[in-house]
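> To be precise about what I am sending: the file is called my_file.txt and holds compact mmCIF, C-alpha atoms.
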```
# COMPACT_ATOMS: atom_id res chain seq x y z
CA MET A 1356 0.00 0.00 0.00
CA THR A 1357 1.23 3.48 -0.86
CA ASN A 1358 2.07 5.53 2.21
CA ILE A 1359 0.97 9.16 1.82
CA ASN A 1360 1.73 11.99 4.24
CA ILE A 1361 0.84 15.67 4.18
CA HIS A 1362 2.90 18.09 6.26
CA VAL A 1363 1.59 21.62 6.83
CA ASP A 1364 4.58 23.54 8.16
CA GLY A 1365 4.32 27.06 9.59
CA VAL A 1366 1.64 28.24 7.15
CA SER A 1367 0.38 31.82 7.54
CA LYS A 1368 -2.07 33.73 5.36
CA ARG A 1369 -3.26 37.32 5.55
CA PHE A 1370 -6.02 39.13 3.69
CA LYS A 1371 -5.05 42.78 4.19
CA ASP A 1372 -5.53 43.29 7.95
CA VAL A 1373 -7.22 39.92 8.56
CA VAL A 1374 -5.06 37.00 9.70
CA ALA A 1375 -6.70 33.88 8.23
CA LEU A 1376 -3.93 31.47 9.27
CA ASP A 1377 -1.27 32.16 11.90
CA ASP A 1378 1.80 29.88 11.78
CA VAL A 1379 -0.27 26.71 11.37
CA SER A 1380 1.45 23.31 11.44
CA MET A 1381 -0.10 19.84 11.31
CA ARG A 1382 0.53 16.39 9.84
CA PHE A 1383 -1.79 13.88 8.17
CA ASP A 1384 -0.91 10.22 7.53
CA THR A 1385 -2.31 7.49 5.29
CA GLY A 1386 -5.17 5.31 6.48
CA ASN A 1387 -6.58 7.74 9.02
CA LEU A 1388 -9.43 10.21 9.29
CA TYR A 1389 -8.59 13.70 10.55
CA GLY A 1390 -11.01 16.39 11.64
CA ILE A 1391 -10.10 20.07 11.42
CA ILE A 1392 -12.61 21.46 13.86
CA GLY A 1393 -13.60 25.04 14.55
CA PRO A 1394 -16.30 27.66 14.04
CA ALA A 1395 -16.78 29.90 11.01
CA GLY A 1396 -13.72 32.10 10.54
CA ALA A 1397 -11.34 29.53 12.02
CA GLY A 1398 -9.39 29.32 8.75
CA LYS A 1399 -10.49 25.84 7.68
CA THR A 1400 -11.42 26.67 4.08
CA THR A 1401 -8.35 28.86 3.61
CA LEU A 1402 -6.18 25.97 4.79
CA PHE A 1403 -7.78 23.58 2.30
CA ARG A 1404 -7.30 26.04 -0.55
CA ILE A 1405 -3.62 26.36 0.27
CA MET A 1406 -3.28 22.56 0.55
CA LEU A 1407 -4.86 22.30 -2.93
CA ASP A 1408 -2.53 24.94 -4.41
CA LEU A 1409 -5.54 27.17 -5.14
CA MET A 1410 -4.11 29.91 -2.95
CA ARG A 1411 -0.59 30.93 -1.95
CA ALA A 1412 0.48 31.21 1.66
CA ASN A 1413 2.34 34.31 2.82
CA SER A 1414 4.78 32.01 4.60
CA GLY A 1415 5.22 28.32 5.33
CA VAL A 1416 4.81 25.29 3.08
CA VAL A 1417 2.59 22.28 2.44
CA LEU A 1418 4.64 19.15 1.69
CA TYR A 1419 3.34 15.93 0.16
CA ARG A 1420 5.28 12.71 0.70
CA GLU A 1421 4.80 9.34 -0.96
CA ASN A 1422 6.53 6.33 0.63
CA GLY A 1423 8.89 8.71 2.43
CA ARG A 1424 9.82 10.65 -0.71
CA GLY A 1425 8.80 14.25 -1.29
CA VAL A 1426 6.51 14.75 -4.30
CA SER A 1427 5.14 17.89 -5.90
CA PHE A 1428 1.49 18.80 -5.61
CA GLN A 1429 1.22 18.51 -9.41
CA ASN A 1430 2.25 14.85 -9.22
CA MET A 1431 -0.15 14.21 -6.36
CA ALA A 1432 -3.14 16.19 -7.70
CA GLU A 1433 -4.68 13.36 -9.75
CA HIS A 1434 -4.86 11.24 -6.59
CA ILE A 1435 -6.76 13.88 -4.57
CA ALA A 1436 -10.54 14.19 -4.38
CA TYR A 1437 -11.98 17.47 -3.04
CA MET A 1438 -15.48 18.29 -1.86
CA PRO A 1439 -15.94 22.05 -1.45
CA GLN A 1440 -18.32 23.52 1.11
CA SER A 1441 -20.58 25.00 -1.57
CA GLN A 1442 -22.88 22.90 -3.76
CA SER A 1443 -20.88 21.27 -6.55
CA LEU A 1444 -23.37 18.97 -8.31
CA TYR A 1445 -25.77 19.67 -11.19
CA ALA A 1446 -29.34 20.14 -10.00
CA ASP A 1447 -30.91 18.76 -13.20
CA LEU A 1448 -28.79 15.59 -13.43
CA SER A 1449 -30.02 12.43 -11.71
CA VAL A 1450 -27.97 10.28 -9.36
CA ALA A 1451 -27.26 7.82 -12.21
CA GLU A 1452 -26.37 10.63 -14.62
CA HIS A 1453 -23.92 12.11 -12.12
CA LEU A 1454 -22.13 8.80 -11.72
CA ASP A 1455 -21.93 8.35 -15.49
CA PHE A 1456 -20.66 11.93 -15.89
CA PHE A 1457 -17.83 11.33 -13.41
CA ARG A 1458 -17.08 7.96 -15.01
CA LYS A 1459 -16.37 9.77 -18.27
CA LEU A 1460 -14.52 12.61 -16.52
CA TYR A 1461 -12.19 10.19 -14.71
CA GLY A 1462 -11.84 7.80 -17.67
CA ILE A 1463 -13.04 4.73 -15.74
CA ASP A 1464 -13.57 1.62 -17.89
CA ASP A 1465 -17.07 0.16 -18.06
CA ALA A 1466 -16.43 -3.05 -16.10
CA ASP A 1467 -14.66 -1.26 -13.25
CA PHE A 1468 -17.33 1.44 -13.20
CA GLU A 1469 -20.24 -0.98 -12.90
CA GLN A 1470 -18.65 -2.72 -9.93
CA LYS A 1471 -17.76 0.56 -8.17
CA LYS A 1472 -21.19 2.08 -8.87
CA LYS A 1473 -23.05 -0.91 -7.45
CA GLU A 1474 -20.89 -0.97 -4.34
CA LEU A 1475 -20.91 2.79 -3.66
CA VAL A 1476 -24.61 3.32 -4.34
CA HIS A 1477 -25.42 0.49 -1.93
CA LEU A 1478 -23.10 1.93 0.75
CA ALA A 1479 -24.71 5.37 0.35
CA ARG A 1480 -28.24 3.86 0.38
CA LEU A 1481 -29.10 5.64 -2.84
CA ASP A 1482 -30.24 2.50 -4.69
CA LYS A 1483 -33.88 3.63 -4.84
CA PHE A 1484 -33.08 7.16 -5.98
CA MET A 1485 -31.03 6.58 -9.13
CA ASP A 1486 -33.48 8.54 -11.32
CA ARG A 1487 -33.97 11.45 -8.91
CA PRO A 1488 -32.36 14.79 -9.91
CA ALA A 1489 -29.74 16.07 -7.48
CA GLY A 1490 -31.80 19.23 -6.99
CA GLN A 1491 -34.59 17.13 -5.49
CA LEU A 1492 -32.42 15.18 -3.04
CA SER A 1493 -32.41 15.91 0.68
CA GLY A 1494 -29.32 17.63 2.05
CA GLY A 1495 -27.95 14.35 3.38
CA MET A 1496 -28.49 12.43 0.14
CA TYR A 1497 -26.94 15.29 -1.83
CA LYS A 1498 -23.78 15.16 0.29
CA LYS A 1499 -23.60 11.38 0.02
CA LEU A 1500 -23.91 11.60 -3.77
CA GLY A 1501 -21.06 14.11 -3.85
CA LEU A 1502 -18.91 11.78 -1.76
CA ILE A 1503 -19.48 8.66 -3.86
CA CYS A 1504 -18.81 10.64 -7.04
CA ALA A 1505 -15.45 11.60 -5.51
CA LEU A 1506 -14.78 7.98 -4.48
CA LEU A 1507 -15.33 6.74 -8.04
CA ARG A 1508 -11.80 7.77 -9.03
CA SER A 1509 -10.29 5.69 -6.17
CA PRO A 1510 -8.38 8.63 -4.67
CA GLN A 1511 -5.54 8.28 -2.20
CA ILE A 1512 -6.46 11.52 -0.43
CA MET A 1513 -9.87 13.08 0.23
CA LEU A 1514 -10.23 16.68 1.41
CA LEU A 1515 -13.79 17.47 2.53
CA ASP A 1516 -14.80 20.99 3.54
CA GLU A 1517 -17.66 20.84 6.08
CA PRO A 1518 -19.37 17.88 4.36
CA THR A 1519 -21.85 17.30 7.22
CA ASN A 1520 -22.96 20.92 7.56
CA GLY A 1521 -26.77 21.14 7.51
CA VAL A 1522 -27.21 17.35 7.25
CA ASP A 1523 -29.89 15.63 9.34
CA PRO A 1524 -28.69 13.29 12.14
CA ILE A 1525 -29.52 10.03 10.34
CA SER A 1526 -27.82 11.05 7.09
CA ARG A 1527 -24.90 12.37 9.11
CA ARG A 1528 -24.43 8.94 10.67
CA GLU A 1529 -24.63 7.28 7.23
CA PHE A 1530 -22.13 9.80 5.85
CA TRP A 1531 -19.70 8.93 8.63
CA ASP A 1532 -20.10 5.24 7.76
CA LEU A 1533 -18.98 6.11 4.22
CA LEU A 1534 -15.98 8.02 5.58
CA HIS A 1535 -14.86 5.15 7.77
CA ASP A 1536 -15.28 2.76 4.84
CA ALA A 1537 -12.99 5.04 2.79
CA VAL A 1538 -10.37 4.94 5.56
CA ALA A 1539 -10.62 1.14 5.67
CA ARG A 1540 -9.69 1.17 1.97
CA GLY A 1541 -6.46 2.99 2.85
CA ILE A 1542 -7.59 6.49 1.86
CA LEU A 1543 -6.28 9.47 3.82
CA VAL A 1544 -9.37 11.54 4.75
CA VAL A 1545 -9.13 15.11 6.04
CA MET A 1546 -12.42 16.87 6.75
CA SER A 1547 -13.38 20.13 8.36
CA THR A 1548 -16.39 20.63 10.58
CA ALA A 1549 -17.88 23.12 13.00
CA TYR A 1550 -19.50 20.31 15.01
CA MET A 1551 -17.46 19.63 18.15
CA ASP A 1552 -19.26 16.30 18.74
CA GLU A 1553 -17.72 14.93 15.54
CA ALA A 1554 -14.21 15.16 17.00
CA GLU A 1555 -14.48 11.80 18.76
CA ARG A 1556 -15.34 10.08 15.47
CA CYS A 1557 -11.92 11.02 14.06
CA GLY A 1558 -8.57 9.30 14.40
CA GLY A 1559 -6.89 12.65 14.84
CA VAL A 1560 -8.20 16.17 15.41
CA VAL A 1561 -6.97 19.73 15.03
CA LEU A 1562 -8.92 22.38 16.96
CA MET A 1563 -8.73 25.82 15.34
CA GLU A 1564 -10.06 29.30 15.96
CA ARG A 1565 -9.26 32.56 14.16
CA GLY A 1566 -6.41 31.00 12.23
CA ARG A 1567 -4.64 29.45 15.22
CA VAL A 1568 -4.24 25.81 16.24
CA LEU A 1569 -5.54 25.43 19.81
CA ALA A 1570 -4.79 21.72 20.20
CA ALA A 1571 -4.02 18.69 18.04
CA GLY A 1572 -3.76 14.95 18.56
CA GLU A 1573 -5.80 11.80 19.07
CA PRO A 1574 -9.24 12.59 20.55
CA ASP A 1575 -9.05 10.43 23.69
CA VAL A 1576 -5.47 11.51 24.38
CA LEU A 1577 -6.43 15.18 24.16
CA LEU A 1578 -9.42 14.77 26.48
CA ARG A 1579 -7.26 13.06 29.09
CA LYS A 1580 -4.40 15.53 28.69
CA TYR A 1581 -6.62 18.53 29.40
CA ASN A 1582 -8.97 16.71 31.78
CA SER A 1583 -11.96 17.62 29.63
CA ARG A 1584 -15.31 15.85 29.51
CA ASN A 1585 -15.93 16.67 25.84
CA PHE A 1586 -14.56 18.80 23.01
CA ASP A 1587 -16.83 21.76 23.68
CA GLU A 1588 -15.20 22.02 27.10
CA LEU A 1589 -11.72 21.42 25.71
CA PHE A 1590 -12.20 24.06 23.03
CA ILE A 1591 -13.11 26.69 25.64
CA GLN A 1592 -10.26 25.60 27.94
CA ARG A 1593 -7.79 26.13 25.10
CA GLY A 1594 -9.04 29.67 24.45
CA GLY A 1595 -11.79 29.02 21.94
CA PHE A 1596 -14.68 31.46 21.60
CA ALA A 1597 -12.54 34.12 23.30
CA GLN A 1598 -13.68 37.64 22.56
```
Using structure tokens, write down the structure that the file contains.

Amino acid sequence: MTNINIHVDGVSKRFKDVVALDDVSMRFDTGNLYGIIGPAGAGKTTLFRIMLDLMRANSGVVLYRENGRGVSFQNMAEHIAYMPQSQSLYADLSVAEHLDFFRKLYGIDDADFEQKKKELVHLARLDKFMDRPAGQLSGGMYKKLGLICALLRSPQIMLLDEPTNGVDPISRREFWDLLHDAVARGILVVMSTAYMDEAERCGGVVLMERGRVLAAGEPDVLLRKYNSRNFDELFIQRGGFAQ
């Protein structure tokens, strides 16, 4: 199995007088699910854009490593799937039409596609909605469709920007099942969320506010380290929501 690592090292980003990221460092390793957790304005989306080479940092670097060897983002890009926070599907295309569209976009052969489609649609519980346009799906089904379209290309890295935002509790649970299935396949998953309760579902977490890292590590280790009952409490203890 290919071993992929992402190192974010001392990244800072300013927009005029606004500090979006302030000397941010973190590491992500293959076969794990990481949550970047913080409220609006924490810098989560800016961080993703810099990781995807869509935006330049004022200082610091993002390094990709494959089996211990440094690789350029350009060489890694085809192995990365990204789900932006904003809607990214076509309202008038059905579930089946979306999957066929991404099959053609990714150049997946017919036999491989049919197997992947059957498996992913079943995992996402979208079997009965193949003819429904994306614009008529619930928020949860819409997000799950976006995720399985991304999984079609068999990525090595998935970057998901607030994928569970606005999703009902049942669909949220099903979405997390899909994420853990992706990790079991050896995919490195990094997602952002404003929901503190999702921290304990991750293998590693990074708590952020106003561009700063407040704490990072394995969820249970962090709770014990700071003697916190939950991540809402830990976030406040580490200076979150400070005025």
> Using all atoms listed in the file, which protein or nucleic acid residues come within 9 Å of stretch 1478-1484 of chain A? Drop anything in the same chain fewer than 5 positions from it, and give the result as an NGL selection string.
:A and (1449-1451 or 1473 or 1492 or 1496 or 1499-1500 or 1502-1503 or 1529-1530 or 1532-1533 or 1536)
> Take the residues from that selection and write them out as a tab-separated table (two decimals), in the coordinates of the input, keeping C-alpha atoms.

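Output file result_29.tsv is given in full below:
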```tsv
chain	number	residue	atom	x	y	z
A	1449	SER	CA	-30.02	12.43	-11.71
A	1450	VAL	CA	-27.97	10.28	-9.36
A	1451	ALA	CA	-27.26	7.82	-12.21
A	1473	LYS	CA	-23.05	-0.91	-7.45
A	1492	LEU	CA	-32.42	15.18	-3.04
A	1496	MET	CA	-28.49	12.43	0.14
A	1499	LYS	CA	-23.60	11.38	0.02
A	1500	LEU	CA	-23.91	11.60	-3.77
A	1502	LEU	CA	-18.91	11.78	-1.76
A	1503	ILE	CA	-19.48	8.66	-3.86
A	1529	GLU	CA	-24.63	7.28	7.23
A	1530	PHE	CA	-22.13	9.80	5.85
A	1532	ASP	CA	-20.10	5.24	7.76
A	1533	LEU	CA	-18.98	6.11	4.22
A	1536	ASP	CA	-15.28	2.76	4.84
```
> Provide the atom CA of A:Asn1387 to atom CA of A:Leu1506 distance in Å, to one decimal place.
15.8 Å
> Name the residues in contact with A:Lys1459 at a cut-off of 12 Å, using only C-alpha atoms, excluding same-chain residues fewer than 5 positions from it; report them as a ChimeraX atom specification.
/A:1452-1454,1464-1465,1468,1504,1507-1508
> Please compute the atom CA of A:Glu1517-atom CA of A:Gln1440 distance, one decimal, in Å.
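These two atoms are separated by 5.7 Å.
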> I'd like the contact shell of A:Ser1427 - 12 Å cut-off, all atoms listed in the file, skipping same-chain residues fewer than 6 positions apart - returned as a list in words.
Ile1361, Met1406, Leu1407, Asp1408, Val1416, Val1417, Leu1418, Tyr1419, Arg1420, Glu1421 and Glu1433 of chain A
> Atom CA of A:Val1366 and atom CA of A:Ile1405, how far apart in Å?
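It comes out at 8.9 Å.
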> Let me make sure I understand: among A:Gly1594, A:Gly1521, A:Pro1488, A:Gly1415, which one has the smallest atom-to-atom distance to A:Gly1365 if we use only C-alpha atoms?
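Of A:Gly1594, A:Gly1521, A:Pro1488, A:Gly1415, the one nearest A:Gly1365 is A:Gly1415, counting only C-alpha atoms.
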> Show me, as a Markdown table, the residues of stretch 1471-1537 of chain A having an atom within 12 Å of stretch 1375-1384 of chain A, each with the closest atom pair and its distance in Å, using all atoms listed in the file.

```
| residue | atom | partner | partner_atom | distance |
| --- | --- | --- | --- | --- |
| A:Gln1511 | CA | A:Asp1384 | CA | 10.9 |
| A:Ile1512 | CA | A:Asp1384 | CA | 9.8 |
| A:Met1513 | CA | A:Phe1383 | CA | 11.4 |
| A:Leu1514 | CA | A:Phe1383 | CA | 11.2 |
```
> Could you check the closest approach to A:Ser1443 for each of A:Asp1364, A:Glu1469, A:Glu1553, A:Asp1516 and tell me which residue wins, using only C-alpha atoms?
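Of A:Asp1364, A:Glu1469, A:Glu1553, A:Asp1516, the one nearest A:Ser1443 is A:Asp1516, counting only C-alpha atoms.
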> Rank nothing, just name the residue among A:Tyr1437, A:Tyr1461, A:Tyr1497, A:Tyr1389 nearest to A:Val1561, using all atoms listed in the file.
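Of all the options, A:Tyr1389 lies closest to A:Val1561.
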> So that I can check the surroundings of A:Asn1422, please list as a PDB file with C-alpha atoms, in the frame of the given file every protein, DNA and RNA residue that reaches within 7 Å of it, counting only C-alpha atoms and ignoring chain neighbours fewer than 2 positions away.

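out-v8.pdb, freshly written:
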```
ATOM      1  CA  THR A1357       1.230   3.480  -0.860  1.00  0.00           C
ATOM      2  CA  ASN A1358       2.070   5.530   2.210  1.00  0.00           C
ATOM      3  CA  ILE A1359       0.970   9.160   1.820  1.00  0.00           C
ATOM      4  CA  ARG A1420       5.280  12.710   0.700  1.00  0.00           C
ATOM      5  CA  ARG A1424       9.820  10.650  -0.710  1.00  0.00           C
TER       6      ARG A1424
END
```
> Between A:Arg1458, A:His1434, A:Arg1593, A:Arg1556, which is the closest to A:Leu1534 once you count all atoms listed in the file?
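Ranked by minimum distance to A:Leu1534, first place goes to A:Arg1556.
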> Would you pick out the contacts of A:Ala1395 at 12 Å or less, using all atoms listed in the file, so that residues sharing its chain but fewer than 6 positions from it are not included, and give the list as a VMD selection string?
chain A and resid 1375 1401 1440 1516 to 1517 1520 1547 to 1550 1563 to 1566 1596
> Could you write those residues out with C-alpha atoms, as a PDB file, in the coordinates of the input?

```
ATOM      1  CA  ALA A1375      -6.700  33.880   8.230  1.00  0.00           C
ATOM      2  CA  THR A1401      -8.350  28.860   3.610  1.00  0.00           C
ATOM      3  CA  GLN A1440     -18.320  23.520   1.110  1.00  0.00           C
ATOM      4  CA  ASP A1516     -14.800  20.990   3.540  1.00  0.00           C
ATOM      5  CA  GLU A1517     -17.660  20.840   6.080  1.00  0.00           C
ATOM      6  CA  ASN A1520     -22.960  20.920   7.560  1.00  0.00           C
ATOM      7  CA  SER A1547     -13.380  20.130   8.360  1.00  0.00           C
ATOM      8  CA  THR A1548     -16.390  20.630  10.580  1.00  0.00           C
ATOM      9  CA  ALA A1549     -17.880  23.120  13.000  1.00  0.00           C
ATOM     10  CA  TYR A1550     -19.500  20.310  15.010  1.00  0.00           C
ATOM     11  CA  MET A1563      -8.730  25.820  15.340  1.00  0.00           C
ATOM     12  CA  GLU A1564     -10.060  29.300  15.960  1.00  0.00           C
ATOM     13  CA  ARG A1565      -9.260  32.560  14.160  1.00  0.00           C
ATOM     14  CA  GLY A1566      -6.410  31.000  12.230  1.00  0.00           C
ATOM     15  CA  PHE A1596     -14.680  31.460  21.600  1.00  0.00           C
TER      16      PHE A1596
END
```
> Looking at all atoms listed in the file, which of A:Ser1367, A:Gly1541, A:Ile1525, A:Ile1392 is the one that sits closest to A:Pro1574?
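Smallest distance to A:Pro1574 is found for A:Ile1392.
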> Give me the box for stretch 1438-1452 of chain A as JSON, namely the centre and edge lengths in Å to one decimal of a box along x, y and z that holds every listed atom plus 4 Å on each side.

```
{"center_x": -23.2, "center_y": 16.4, "center_z": -6.8, "size_x": 23.4, "size_y": 25.2, "size_z": 23.7}
```
> Find, counting all atoms listed in the file, the residue in A:Ile1435, A:Met1546, A:Ala1489, A:Ile1391 that gets nearest to A:Leu1448.
A:Ala1489
